[in-house]
Amino acid sequence: MKWSELFTSSVGKKFVMGLTGVFLIGFLVVHVGINACIWAMDDGQMFNRAAHFMGATVVIRILEVGLFAGIFLHFIQGLMLEFQNRKKRAIGYQIPMANRGSKWYSRSMGLLGTIILIFLIIHWKQFWIPSRFTELPDVTYDNGNPAPVHDLFGLMKETFSHGWVVIVYVIACISLAYHLLHGFQSAFRSLGVYNSRYLVLINGVGIGFSIIVPLAFAMMPVSMYFNWV
Amino acid sequence: MEHYTMNLTLKVWRQKNKKDNGHFETYSVSGISSEMSFLEMFDVLNERLVVEGKEPIAFDHDCREGICGMCSMYINGRPHGPWEGTTTCQLHMRAFKDGDTIVVEPWRANAFPVVKDLVVDRSAFDRIIQAGGFISVNTGNAVDANAIPIEKDKADTAFAAAACIGCGACVAACKNSSALLFVSAKVSHLALLPQGDPERKARVVDMIAQMDKEGFGSCTSTGACEAVCPKEISITNIARLNAEYARAGLTTDK
Ligand code: HEM
Ligand code: SF4
Ligand code: FES
């Protein structure tokens, strides 16, 4: 068996999806944790400083490159799988099987992922590019660290003052929730976890994660739109 | 359960041969007993077609007792019909009521081409088995079955996996036409037993390679296979296969 087969056979492709999926889940934990600082009720000070830290060190910059590689691998492989798999049944059924045996969202990973991808492009344009490349107004906090940091909090408040943006973000979060509801446990199966004692745990944690994390993300634009922070 | 008779409308896929485009044909059947099996209902219809001088509907069947896996029919949007854990031959007409319309289609997957009407070519499964679904034993005196100790739990799990009859319903149900439930049942059955250990790595690698060559899709763990499997093979076998595959890929010699 060639090394490449481990990642290019039908089972190997699933390893790629599972590995990148788990990696992206890890990233979501960091991302939601940092963003939750907006609820510190300090006019964004804690959040701006945390966001600054996430761009400040070489280690994190390297992780960021890894993150992009992971996302690209994930969606390119995911979309390729979707299209290859569809071609395996040239003539379909008169009566589709539909929900007799599987959940709609488990069959719609490609669609849900595509919605997330479209959202990501909007999201990068709104936040990642301004914070990394173009100029953003700085703010300085006089508690210990005098260096100015980008006012990402201000950018968030301005962005989420538009209702359509909030709606786009909420739709993306719902898509993410369903993507994870299937994806979380599926990823571990893809990676070969079969012991029922772990599967029970993974199923439970997966459901909790898929509800709590997207809900927390969705609450961010919502709380800004309604001026709760 | 009370016995009753019913009149039904059948919409059946008719296709002359591999090359024919095929079409649905509608038949009315009457006086069908609730005690009949689904295949017996087809027998009644076929006898009538023969008497009328028409070509009977071709369908696969052999044991008619749920153990050979031949009776592939996709009935009203579900392989093997509405009952869980049941093959088409074990599906009884009491699953339906008077006046029902029943749509019967062949398994659909590129890897299972239609040969005629409801008969599909499942030799792809045979070739996957030939690639590794066996153990090599030199003949000689029969070994005492109890000579090799096996943990009870493992023996039970292996036995449950060995129940797969190779019917192909898992492929027919899967949105990706993946054969992974079938392959994982065969791989698990042998990987769990000491007799399967010597060829464990090569087996999973070769069977997956053959599976991919046959044109089945890849698993996205939707669970449709497990839901329709007449032998209730657990989808956990697929996770075990994934682990077997990773282990083989990472530790194989060549
Ligand atoms: C932060 C965003 C995302 C996260 C956390 C995520 C997470 C996951 C996870 C955990 C899986 C399960 C993997 C497996 O079953 O082995 C998965 C599957 C999948 N993802 Fe994503 N995903 C994200 C974004 C995307 C995007 C942008 C796309 C692109 C279009 C996408 C497309 C897919 C597809 C098609 C699958 C199904 C593949 C399969 O089951 O084999 N995902 N995702
Ligand atoms: S796993 Fe179940 S559905 Fe698939 S071939 Fe075996 S018995 Fe049939
Ligand atoms: S005819 Fe043998 S299982 Fe149905």
# chains A, B, ... in the order shown; residues from 1 in each chain; ligands from 1
$ interface_residues --of "chain A" --to "chain B" --cutoff "6 Å" --atoms "only C-alpha atoms" --output "list in words"
Leu6, Ser10, Asn85, Lys88, Arg89, Ile95, Pro96, Met97, Gly101, Ser102, Ser106, Arg189, Gly192, Val193 and Tyr194 of chain A
$ write_last_selection --atoms "all heavy atoms" --output "compact mmCIF listing (two decimals), in the first residue's frame"
# COMPACT_ATOMS: atom_id res chain seq x y z
N LEU A 6 -3.38 6.04 1.53
CA LEU A 6 -3.95 6.25 2.85
C LEU A 6 -4.85 7.49 2.86
O LEU A 6 -5.70 7.66 3.72
CB LEU A 6 -2.81 6.37 3.87
CG LEU A 6 -3.14 6.33 5.35
CD1 LEU A 6 -3.98 5.11 5.73
CD2 LEU A 6 -1.86 6.32 6.16
N SER A 10 -11.13 5.71 -1.08
CA SER A 10 -12.40 6.25 -0.57
C SER A 10 -12.37 6.38 0.95
O SER A 10 -12.88 7.35 1.50
CB SER A 10 -13.56 5.34 -1.01
OG SER A 10 -13.39 4.05 -0.47
N ASN A 85 -19.45 11.27 -5.48
CA ASN A 85 -20.46 10.34 -4.97
C ASN A 85 -21.77 10.41 -5.74
O ASN A 85 -22.44 9.41 -5.95
CB ASN A 85 -20.71 10.60 -3.49
CG ASN A 85 -19.60 10.05 -2.62
OD1 ASN A 85 -18.86 9.16 -3.03
ND2 ASN A 85 -19.47 10.58 -1.41
N LYS A 88 -22.17 8.18 -8.80
CA LYS A 88 -22.15 6.72 -8.64
C LYS A 88 -23.52 6.09 -8.85
O LYS A 88 -23.66 4.87 -8.81
CB LYS A 88 -21.65 6.33 -7.23
CG LYS A 88 -20.31 6.92 -6.88
CD LYS A 88 -19.21 6.31 -7.69
CE LYS A 88 -17.88 6.92 -7.27
NZ LYS A 88 -16.77 6.48 -8.10
N ARG A 89 -24.54 6.91 -9.03
CA ARG A 89 -25.88 6.38 -9.33
C ARG A 89 -26.43 7.18 -10.50
O ARG A 89 -27.13 8.18 -10.31
CB ARG A 89 -26.78 6.49 -8.10
CG ARG A 89 -28.21 5.97 -8.34
CD ARG A 89 -29.01 5.89 -7.05
NE ARG A 89 -28.53 4.82 -6.22
CZ ARG A 89 -28.30 4.92 -4.91
NH1 ARG A 89 -28.53 6.06 -4.28
NH2 ARG A 89 -27.84 3.89 -4.23
N ILE A 95 -39.02 6.75 -6.63
CA ILE A 95 -39.40 7.23 -5.29
C ILE A 95 -38.12 7.32 -4.46
O ILE A 95 -37.58 6.31 -4.04
CB ILE A 95 -40.38 6.26 -4.62
CG1 ILE A 95 -41.61 6.08 -5.51
CG2 ILE A 95 -40.77 6.76 -3.23
CD1 ILE A 95 -42.76 5.37 -4.87
N PRO A 96 -37.61 8.53 -4.25
CA PRO A 96 -36.37 8.67 -3.49
C PRO A 96 -36.55 8.17 -2.06
O PRO A 96 -37.65 8.18 -1.52
CB PRO A 96 -36.09 10.17 -3.51
CG PRO A 96 -37.01 10.74 -4.52
CD PRO A 96 -38.17 9.82 -4.65
N MET A 97 -35.45 7.71 -1.47
CA MET A 97 -35.56 7.15 -0.11
C MET A 97 -35.82 8.24 0.93
O MET A 97 -36.39 7.98 1.98
CB MET A 97 -34.29 6.39 0.23
CG MET A 97 -34.62 5.13 1.01
SD MET A 97 -33.14 4.26 1.47
CE MET A 97 -33.27 4.33 3.23
N GLY A 101 -34.61 6.47 6.88
CA GLY A 101 -33.33 5.84 7.22
C GLY A 101 -32.19 6.79 7.51
O GLY A 101 -31.20 6.40 8.11
N SER A 102 -32.30 8.05 7.09
CA SER A 102 -31.22 8.98 7.42
C SER A 102 -31.80 10.38 7.61
O SER A 102 -32.91 10.67 7.17
CB SER A 102 -30.17 9.00 6.32
OG SER A 102 -30.75 9.37 5.10
N SER A 106 -27.70 14.99 7.37
CA SER A 106 -26.56 14.12 7.10
C SER A 106 -26.37 13.94 5.60
O SER A 106 -25.28 13.65 5.14
CB SER A 106 -26.74 12.76 7.79
OG SER A 106 -27.67 11.96 7.08
N ARG A 189 -15.97 8.88 13.77
CA ARG A 189 -16.16 7.57 13.12
C ARG A 189 -15.18 7.42 11.96
O ARG A 189 -14.58 6.36 11.77
CB ARG A 189 -17.58 7.43 12.59
CG ARG A 189 -18.61 7.26 13.68
CD ARG A 189 -20.01 7.28 13.09
NE ARG A 189 -20.99 7.07 14.14
CZ ARG A 189 -21.32 5.86 14.60
NH1 ARG A 189 -20.77 4.79 14.08
NH2 ARG A 189 -22.17 5.74 15.58
N GLY A 192 -11.96 6.33 12.89
CA GLY A 192 -11.85 4.96 13.38
C GLY A 192 -12.19 4.75 14.84
O GLY A 192 -11.80 3.77 15.43
N VAL A 193 -12.95 5.67 15.44
CA VAL A 193 -13.39 5.43 16.81
C VAL A 193 -14.62 4.53 16.77
O VAL A 193 -15.64 4.91 16.20
CB VAL A 193 -13.75 6.76 17.52
CG1 VAL A 193 -14.23 6.48 18.94
CG2 VAL A 193 -12.55 7.69 17.54
N TYR A 194 -14.50 3.33 17.29
CA TYR A 194 -15.65 2.42 17.21
C TYR A 194 -16.08 1.89 18.59
O TYR A 194 -17.10 1.23 18.70
CB TYR A 194 -15.36 1.24 16.28
CG TYR A 194 -14.23 0.35 16.74
CD1 TYR A 194 -14.45 -0.66 17.65
CD2 TYR A 194 -12.94 0.55 16.26
CE1 TYR A 194 -13.42 -1.46 18.09
CE2 TYR A 194 -11.89 -0.25 16.69
CZ TYR A 194 -12.14 -1.26 17.62
OH TYR A 194 -11.11 -2.03 18.05
$ residues_around --residues "B:Ile32" --least-positions-apart "2" --cutoff "6 Å" --atoms "only C-alpha atoms" --output "ChimeraX atom specification"
/B:5-6,30
$ write_last_selection --atoms "N, CA, C and O atoms" --output "mmCIF file, in the first residue's frame"
data_model
loop_
_atom_site.group_PDB
_atom_site.id
_atom_site.type_symbol
_atom_site.label_atom_id
_atom_site.label_comp_id
_atom_site.auth_asym_id
_atom_site.auth_seq_id
_atom_site.Cartn_x
_atom_site.Cartn_y
_atom_site.Cartn_z
ATOM 1 N N THR B 5 -57.968 -10.429 1.961
ATOM 2 C CA THR B 5 -57.446 -10.383 0.591
ATOM 3 C C THR B 5 -57.527 -8.951 0.092
ATOM 4 O O THR B 5 -58.316 -8.156 0.599
ATOM 5 N N MET B 6 -56.675 -8.663 -0.878
ATOM 6 C CA MET B 6 -56.633 -7.265 -1.350
ATOM 7 C C MET B 6 -56.396 -7.184 -2.852
ATOM 8 O O MET B 6 -55.876 -8.112 -3.478
ATOM 9 N N SER B 30 -55.311 -8.885 -8.266
ATOM 10 C CA SER B 30 -56.459 -8.978 -7.359
ATOM 11 C C SER B 30 -56.408 -10.274 -6.564
ATOM 12 O O SER B 30 -55.702 -11.218 -6.933
#
$ residues_near_ligand --ligand "ligand 3" --cutoff "6 Å" --atoms "only C-alpha atoms and all ligand atoms" --output "JSON, numbers by chain"
{"B": [61, 62, 63, 64, 65, 66, 67, 68, 69, 70, 71, 87, 88, 89]}
$ write_last_selection --atoms "C-alpha atoms" --output "tab-separated table (two decimals), in the first residue's frame"
chain	number	residue	atom	x	y	z
B	61	HIS	CA	-34.62	-15.11	-5.48
B	62	ASP	CA	-33.33	-18.37	-4.14
B	63	CYS	CA	-33.89	-19.42	-0.53
B	64	ARG	CA	-37.05	-17.43	0.16
B	65	GLU	CA	-36.25	-17.67	3.83
B	66	GLY	CA	-34.08	-14.61	4.38
B	67	ILE	CA	-30.63	-16.18	4.21
B	68	CYS	CA	-29.30	-16.05	0.66
B	69	GLY	CA	-29.56	-12.34	-0.05
B	70	MET	CA	-30.79	-12.70	-3.63
B	71	CYS	CA	-34.18	-11.01	-3.43
B	87	THR	CA	-35.61	-9.33	3.29
B	88	THR	CA	-38.09	-8.94	0.41
B	89	CYS	CA	-38.87	-12.69	0.53
$ residues_near_ligand --ligand "ligand 1" --cutoff "7 Å" --atoms "only C-alpha atoms and all ligand atoms" --output "compact mmCIF listing (two decimals) with N, CA, C and O atoms, in the first residue's frame"
# COMPACT_ATOMS: atom_id res chain seq x y z
N LYS A 14 -11.96 10.04 3.57
CA LYS A 14 -12.70 10.29 4.79
C LYS A 14 -11.76 10.67 5.94
O LYS A 14 -12.12 11.45 6.80
N PHE A 15 -10.57 10.09 5.94
CA PHE A 15 -9.60 10.50 6.97
C PHE A 15 -9.31 11.99 6.83
O PHE A 15 -9.25 12.72 7.82
N MET A 17 -11.24 14.26 5.55
CA MET A 17 -12.41 15.03 6.03
C MET A 17 -12.47 15.03 7.55
O MET A 17 -12.76 16.06 8.17
N GLY A 18 -12.24 13.87 8.14
CA GLY A 18 -12.33 13.75 9.59
C GLY A 18 -11.25 14.57 10.29
O GLY A 18 -11.53 15.31 11.23
N GLY A 21 -11.89 18.19 9.74
CA GLY A 21 -13.12 18.53 10.47
C GLY A 21 -12.83 18.73 11.96
O GLY A 21 -13.27 19.72 12.55
N VAL A 22 -12.08 17.80 12.54
CA VAL A 22 -11.77 17.91 13.96
C VAL A 22 -10.89 19.15 14.21
O VAL A 22 -11.08 19.89 15.18
N LEU A 24 -10.95 21.90 12.47
CA LEU A 24 -11.81 23.09 12.38
C LEU A 24 -12.67 23.24 13.64
O LEU A 24 -12.96 24.35 14.08
N ILE A 25 -13.07 22.10 14.22
CA ILE A 25 -13.84 22.16 15.46
C ILE A 25 -12.97 22.79 16.55
O ILE A 25 -13.42 23.65 17.32
N LEU A 28 -12.89 26.42 16.10
CA LEU A 28 -14.13 27.08 16.54
C LEU A 28 -14.11 27.35 18.04
O LEU A 28 -14.61 28.38 18.51
N ILE A 71 -8.91 24.54 6.13
CA ILE A 71 -10.21 24.90 5.56
C ILE A 71 -10.24 24.57 4.07
O ILE A 71 -11.19 23.99 3.57
N HIS A 74 -10.43 20.92 3.50
CA HIS A 74 -11.74 20.44 3.91
C HIS A 74 -12.79 20.72 2.85
O HIS A 74 -13.53 19.83 2.44
N PHE A 75 -12.84 21.97 2.38
CA PHE A 75 -13.96 22.22 1.46
C PHE A 75 -13.68 21.71 0.05
O PHE A 75 -14.61 21.29 -0.64
N ILE A 76 -12.41 21.70 -0.35
CA ILE A 76 -12.13 21.17 -1.69
C ILE A 76 -12.40 19.66 -1.70
O ILE A 76 -13.11 19.15 -2.55
N GLY A 78 -14.26 18.03 0.40
CA GLY A 78 -15.68 17.83 0.67
C GLY A 78 -16.52 17.98 -0.60
O GLY A 78 -17.37 17.15 -0.90
N LEU A 79 -16.25 19.03 -1.35
CA LEU A 79 -17.04 19.26 -2.57
C LEU A 79 -16.72 18.20 -3.63
O LEU A 79 -17.61 17.74 -4.34
N LEU A 81 -15.80 15.11 -3.04
CA LEU A 81 -16.49 13.89 -2.60
C LEU A 81 -17.96 13.95 -2.98
O LEU A 81 -18.53 12.99 -3.50
N GLU A 82 -18.56 15.11 -2.71
CA GLU A 82 -19.98 15.29 -3.01
C GLU A 82 -20.26 15.01 -4.49
O GLU A 82 -21.16 14.25 -4.83
N MET A 109 -24.56 17.65 3.67
CA MET A 109 -23.31 18.25 4.14
C MET A 109 -22.70 19.17 3.08
O MET A 109 -22.13 20.21 3.40
N GLY A 110 -22.83 18.80 1.81
CA GLY A 110 -22.29 19.63 0.74
C GLY A 110 -23.00 20.98 0.66
O GLY A 110 -22.35 22.02 0.57
N LEU A 111 -24.31 20.94 0.77
CA LEU A 111 -25.10 22.18 0.72
C LEU A 111 -24.81 23.06 1.94
O LEU A 111 -24.51 24.26 1.82
N GLY A 113 -22.23 22.97 3.86
CA GLY A 113 -20.85 23.44 3.77
C GLY A 113 -20.72 24.59 2.81
O GLY A 113 -19.99 25.55 3.07
N THR A 114 -21.45 24.52 1.69
CA THR A 114 -21.37 25.60 0.70
C THR A 114 -21.92 26.91 1.28
O THR A 114 -21.36 27.98 1.05
N ILE A 116 -21.80 27.69 4.40
CA ILE A 116 -20.76 28.14 5.32
C ILE A 116 -19.61 28.79 4.54
O ILE A 116 -19.08 29.83 4.93
N LEU A 117 -19.27 28.20 3.39
CA LEU A 117 -18.18 28.74 2.58
C LEU A 117 -18.51 30.15 2.08
O LEU A 117 -17.67 31.06 2.15
N LEU A 176 -24.11 25.95 10.21
CA LEU A 176 -22.99 25.36 10.95
C LEU A 176 -23.51 24.36 11.99
O LEU A 176 -22.95 23.28 12.17
N HIS A 179 -24.44 21.27 10.19
CA HIS A 179 -23.21 20.66 9.66
C HIS A 179 -22.52 19.88 10.79
O HIS A 179 -22.05 18.77 10.59
N LEU A 180 -22.48 20.49 11.95
CA LEU A 180 -21.79 19.86 13.08
C LEU A 180 -22.62 18.74 13.71
O LEU A 180 -22.08 17.77 14.24
N HIS A 182 -24.28 16.55 12.33
CA HIS A 182 -23.85 15.29 11.70
C HIS A 182 -22.33 15.14 11.77
O HIS A 182 -21.81 14.07 12.09
N GLY A 183 -21.62 16.24 11.46
CA GLY A 183 -20.17 16.17 11.28
C GLY A 183 -19.39 15.79 12.53
O GLY A 183 -18.42 15.04 12.45
N PHE A 184 -19.78 16.29 13.68
CA PHE A 184 -19.00 16.07 14.89
C PHE A 184 -18.79 14.58 15.14
O PHE A 184 -17.66 14.10 15.23
N SER A 186 -19.57 12.10 13.08
CA SER A 186 -19.10 11.42 11.88
C SER A 186 -17.58 11.50 11.75
O SER A 186 -16.94 10.55 11.32
N ALA A 187 -17.02 12.65 12.15
CA ALA A 187 -15.57 12.83 12.02
C ALA A 187 -14.83 11.78 12.84
O ALA A 187 -13.85 11.20 12.40
N PHE A 188 -15.32 11.53 14.04
CA PHE A 188 -14.63 10.56 14.89
C PHE A 188 -14.80 9.14 14.36
O PHE A 188 -13.89 8.32 14.45
N ARG A 189 -15.97 8.88 13.77
CA ARG A 189 -16.16 7.57 13.12
C ARG A 189 -15.18 7.42 11.96
O ARG A 189 -14.58 6.36 11.77
N SER A 190 -15.06 8.50 11.17
CA SER A 190 -14.13 8.45 10.04
C SER A 190 -12.72 8.14 10.51
O SER A 190 -11.96 7.49 9.81
N CYS B 219 -18.30 6.46 1.86
CA CYS B 219 -19.26 6.58 2.97
C CYS B 219 -19.26 7.99 3.55
O CYS B 219 -18.21 8.60 3.73
N THR B 220 -20.45 8.54 3.83
CA THR B 220 -20.50 9.79 4.60
C THR B 220 -21.34 9.58 5.85
O THR B 220 -21.96 10.51 6.37
N SER B 221 -21.36 8.39 6.33
CA SER B 221 -22.05 7.97 7.56
C SER B 221 -23.45 8.55 7.76
O SER B 221 -23.78 9.02 8.84
$ select_by_dssp --residues "chain A" --states "helix (DSSP H, G or I)" --output "number ranges by chain"
A: 5-8, 10-40, 45-56, 58-86, 104-107, 109-132, 152-159, 163-190, 196-225
$ residues_near_ligand --ligand "ligand 2" --cutoff "7 Å" --atoms "only C-alpha atoms and all ligand atoms" --output "list in words"
Gly69, Ala163, Cys164, Ile165, Gly166, Cys167, Gly168, Ala169, Cys170, Val171, Leu181, Phe182, Ala185, Cys225, Val228, Cys229, Pro230, Lys231, Glu232 and Ile233 of chain B
$ atom_distance --atom1 "atom CA of A:Phe209" --atom2 "atom CA of A:Leu152"
26.1 Å
$ closest_residue --among "A:Ser210, A:Gln84, A:Asp42, A:His150" --to "A:Leu181" --atoms "only C-alpha atoms"
A:Ser210
$ atom_distance --atom1 "atom CA of B:Lys154" --atom2 "atom CA of B:Val204"
18.4 Å
$ residues_around --residues "stretch 62-69 of chain A" --least-positions-apart "2" --cutoff "12 Å" --atoms "only C-alpha atoms" --output "PyMOL selection string"
chain A and resi 16+20-28+30-31+54-60+71-77+120+124+128+132
$ write_last_selection --atoms "N, CA and C atoms" --output "compact mmCIF listing (two decimals), in the first residue's frame"
# COMPACT_ATOMS: atom_id res chain seq x y z
N VAL A 16 -9.13 12.41 5.57
CA VAL A 16 -8.85 13.84 5.33
C VAL A 16 -10.00 14.68 5.87
N THR A 20 -9.44 17.16 9.10
CA THR A 20 -9.64 18.60 8.94
C THR A 20 -10.88 19.05 9.70
N GLY A 21 -11.89 18.19 9.74
CA GLY A 21 -13.12 18.53 10.47
C GLY A 21 -12.83 18.73 11.96
N VAL A 22 -12.08 17.80 12.54
CA VAL A 22 -11.77 17.91 13.96
C VAL A 22 -10.89 19.15 14.21
N PHE A 23 -9.98 19.41 13.29
CA PHE A 23 -9.12 20.58 13.40
C PHE A 23 -9.97 21.86 13.37
N LEU A 24 -10.95 21.90 12.47
CA LEU A 24 -11.81 23.09 12.38
C LEU A 24 -12.67 23.24 13.64
N ILE A 25 -13.07 22.10 14.22
CA ILE A 25 -13.84 22.16 15.46
C ILE A 25 -12.97 22.79 16.55
N GLY A 26 -11.68 22.40 16.58
CA GLY A 26 -10.75 22.98 17.55
C GLY A 26 -10.63 24.48 17.36
N PHE A 27 -10.57 24.87 16.09
CA PHE A 27 -10.48 26.30 15.80
C PHE A 27 -11.73 27.05 16.29
N LEU A 28 -12.89 26.42 16.10
CA LEU A 28 -14.13 27.08 16.54
C LEU A 28 -14.11 27.35 18.04
N VAL A 30 -11.49 28.01 19.94
CA VAL A 30 -10.66 29.19 20.19
C VAL A 30 -11.42 30.45 19.76
N HIS A 31 -12.00 30.39 18.56
CA HIS A 31 -12.67 31.56 17.98
C HIS A 31 -13.85 32.01 18.86
N MET A 54 -4.10 37.44 19.08
CA MET A 54 -4.25 36.40 18.06
C MET A 54 -3.56 36.75 16.75
N GLY A 55 -3.06 37.99 16.63
CA GLY A 55 -2.35 38.32 15.40
C GLY A 55 -0.91 38.69 15.71
N ALA A 56 -0.56 38.64 16.99
CA ALA A 56 0.69 39.27 17.41
C ALA A 56 1.91 38.36 17.34
N THR A 57 1.75 37.07 17.57
CA THR A 57 2.96 36.25 17.68
C THR A 57 3.15 35.36 16.46
N VAL A 58 4.40 34.99 16.23
CA VAL A 58 4.74 34.16 15.08
C VAL A 58 4.02 32.81 15.17
N VAL A 59 3.97 32.27 16.38
CA VAL A 59 3.35 30.96 16.57
C VAL A 59 1.92 30.98 16.05
N ILE A 60 1.21 32.03 16.42
CA ILE A 60 -0.19 32.10 16.03
C ILE A 60 -0.34 32.36 14.54
N ILE A 71 -8.91 24.54 6.13
CA ILE A 71 -10.21 24.90 5.56
C ILE A 71 -10.24 24.57 4.07
N PHE A 72 -9.13 24.93 3.37
CA PHE A 72 -9.11 24.67 1.93
C PHE A 72 -9.18 23.18 1.64
N LEU A 73 -8.35 22.40 2.36
CA LEU A 73 -8.39 20.95 2.17
C LEU A 73 -9.81 20.44 2.41
N HIS A 74 -10.43 20.92 3.50
CA HIS A 74 -11.74 20.44 3.91
C HIS A 74 -12.79 20.72 2.85
N PHE A 75 -12.84 21.97 2.38
CA PHE A 75 -13.96 22.22 1.46
C PHE A 75 -13.68 21.71 0.05
N ILE A 76 -12.41 21.70 -0.35
CA ILE A 76 -12.13 21.17 -1.69
C ILE A 76 -12.40 19.66 -1.70
N GLN A 77 -11.87 18.96 -0.70
CA GLN A 77 -12.11 17.52 -0.61
C GLN A 77 -13.60 17.23 -0.44
N LEU A 120 -18.12 32.39 4.85
CA LEU A 120 -16.72 32.62 5.20
C LEU A 120 -16.10 33.70 4.31
N TRP A 124 -14.49 36.91 5.84
CA TRP A 124 -13.09 37.30 5.66
C TRP A 124 -13.00 38.74 5.18
N TRP A 128 -11.43 39.72 8.51
CA TRP A 128 -10.06 39.22 8.51
C TRP A 128 -9.15 40.13 7.68
N ARG A 132 -6.01 42.31 9.16
CA ARG A 132 -4.65 41.88 8.84
C ARG A 132 -3.94 42.81 7.88
$ atom_distance --atom1 "atom CA of B:Glu2" --atom2 "atom CA of B:Phe42"
22.0 Å
$ closest_residue --among "B:Val51, B:Leu10, B:Ala191, B:Ala179" --to "B:Gly133" --atoms "only C-alpha atoms"
B:Ala191
$ closest_residue --among "B:Glu151, B:Glu199, B:Asp156, B:Asp117" --to "B:Phe134" --atoms "only C-alpha atoms"
B:Glu199
